[in-house]
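To start, the structure itself, in structure tokens.
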Protein chains: 2
Amino acid sequence: MNSTNHYPDRTVERLCTYRRTLRRCLDEGKPRVFSHELAAAHQATPAQVRRDLMTIGFSGSPARGYDVAGLLEYIGDILDPPDGTAAVLLGVGHLGRALLAHFTRDRSPLHVAAAFDITPEKVGASCHGCTIHPLDALERIVAETHATVGILAVPAEAAEDMALKLVACGVRGLVNFAPVLLHLPSDVTCEDIDITVSLEKVAYHARHAEPRVA
Amino acid sequence: MNSTNHYPDRTVERLCTYRRTLRRCLDEGKPRVFSHELAAAHQATPAQVRRDLMTIGFSGSPARGYDVAGLLEYIGDILDPPDGTAAVLLGVGHLGRALLAHFTRDRSPLHVAAAFDITPEKVGASCHGCTIHPLDALERIVAETHATVGILAVPAEAAEDMALKLVACGVRGLVNFAPVLLHLPSDVTCEDIDITVSLEKVAYHARHAEPRVA
DNA sequence: AGCGCGCTGTGAACACGGTCACAACGTGAA
DNA sequence: TTCACGTTGTGACCGTGTTCACAGCGCGCT
């Protein structure tokens, strides 16, 4: 378990979602959870949950389960940098606005620090509490806000350009909503969210599902 | 290769994206492609592409590659029902509106046939060319439009309820944007798109990426 | 016509994540 | 104090998806 190249992607993903359940437990005043409870709240088996917690090195106690507050903090230490994570949004179209609305509502250790758009008449305006900046302010604002991730909500044609601009500013993580593959340096992490593909996949599976299994 | 339970999810996903590249080839008047060209346009190796095409039973010719038009049609026969796929959208908030805008622009064999919302003042209005219906019209309209997939863009608290309503109407595929796990019958396919988790994952990986690899 | 290059098709090996099954152990009851 | 139950921690196993490596083959060049 060296310092670079940490935990597997799938495990990290589940950690993010375990947190939600743990927070709910905390809200409900539930001090301890069992692996099977966490498993039920996710798409997982108890063994999977235990394996994940083993992977990150968190121990529970037999017959009493895992300490909710302790686990929550432990996961937080893994996922969150001490000073929170700042993101910048590129492209304030329909999707960009929806994302801004989402992240101003959503309570999470992540916040969108600034938004950018090329359209001159959008620049200077504010959307869901976030000021829209011109593109040429990107480098300055990324530096000022210490943003480490970028959200690409721009048209497909502009996506790669914008991605490279972000990378040039030092951003090393991207979430890309444009339906194109971005060619990026290997030290940049990119998560593609392709709504059309997701829908087509689901439509396919829905057509070919067996009538009934369980 | 029985009729139910078809191709692996990952393969289907790549087929969706291969189509994009193939359409672009067609637009450019390129009649044939090699596996390494398709691979370069995706996150894949040439062997992966050949394996996918082998899986679906499409043959190319050595030294000339794959026929673009033929492959495009072949994939279309696999992915698209003969009469297209209709989807319904539940929840016309910020995200719902962005999705409507997206799908009225995007040319694909998929279209959003109707939108639904509980808010009385939204009902009856039209958004990006799509009429917003009241929830109690769901069953009728799903039947009329032969919608097979549902898009959930509702708050987390309402998601499971809405999902079950859709399933009761005969919908067997869901795309869920709400940050909760839906408990559904096993013959229903559900794809979760969780933007917060994606961002947290990317932020994590960005923090732990090795400084440079290739 | 013959040759060589470069592509496809595919069995075999590999890697990874997920699951099983069980030993170890703490807790609560008797 | 002792016992039995239920849960954790984990080595071994398994299945799936990806990659390797090479045989087979068609095209274009000479």
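Every chain in the structure tokens takes a letter, A first, then B, and so on in the order presented; its residues are numbered from 1, and the ligands are numbered from 1 following the presented order.
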**OP:** Kindly provide, as a list in words, the residues of chain B having any atom no farther than 8 Å from an atom of chain D, counting only C-alpha atoms (C1' of nucleotides).
**Re:**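 Every residue meeting the condition is included here: Ala47, Gln48, Ser61, Pro62 and Ala63 of chain B.
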Subject >> Surrounding residues of B:Cys25 excluding itself and chain neighbours under 4 positions, 12 Å, only C-alpha atoms (C1' of nucleotides), as a list in words >> reply: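 Listing them by chain and then by number gives Tyr18, Arg19, Arg20, Thr21, Gly29, Lys30, Pro31, Arg32, Val33, Phe34, Glu37, Leu38, Ala41, Tyr66, Asp67, Val68, Ala69, Leu71 and Leu72 of chain B.
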Original post:
Got a sec to pull out which chain A residues are within 8 Å of chain B, counting only C-alpha atoms, and send them as a ChimeraX atom specification?
Top reply: /A:3-6,9,12-13,16-17,41-43,79-80,85,94-95,97-99,101,110,148-149,172-175,181,185-191,193,197-214
**OP:** DSSP on the backbone, then: every residue of stretch 131-208 of chain A marked strand (DSSP E), written as a VMD selection string.
**Re:** chain A and resid 131 to 133 149 to 152 173 to 176 189 to 192
**OP:** Rank nothing, just name the residue among B:Val49, B:Met162, B:Ala44, B:Ile132 nearest to chain C, using only C-alpha atoms (C1' of nucleotides).
**Re:** B:Val49
Give me the residues of chain C that have any atom at most 9 Å from an atom of chain B; for each, the nearest atom pair and the distance in Å, rounded to one decimal. Use only C-alpha atoms (C1' of nucleotides), sort by chain and number, and format it as a tab-separated table.
residue	atom	partner	partner_atom	distance
C:DG6	C1'	B:Ala63	CA	6.4
C:DC7	C1'	B:Pro62	CA	4.5
C:DT8	C1'	B:Pro62	CA	4.8
C:DG9	C1'	B:Met54	CA	7.6
C:DT10	C1'	B:Arg51	CA	8.6
Subject >> Residues of stretch 17-196 of chain A in alpha helix (DSSP H), written as a PyMOL selection string >> reply: chain A and resi 17-27+35-40+46-56+68-79+94-105+138-145+156-168+195-196
Subject >> Spatial neighbours of A:Leu138, max dist 10 Å, only C-alpha atoms (C1' of nucleotides), sep filter under 3 positions, as a list in words >> reply: Val88, Leu90, Ala114, Ala115, Phe116, His133, Pro134, Leu135, Ile141, Val142, Ala143, Glu144, Lys165, Leu166 and Cys169 of chain A
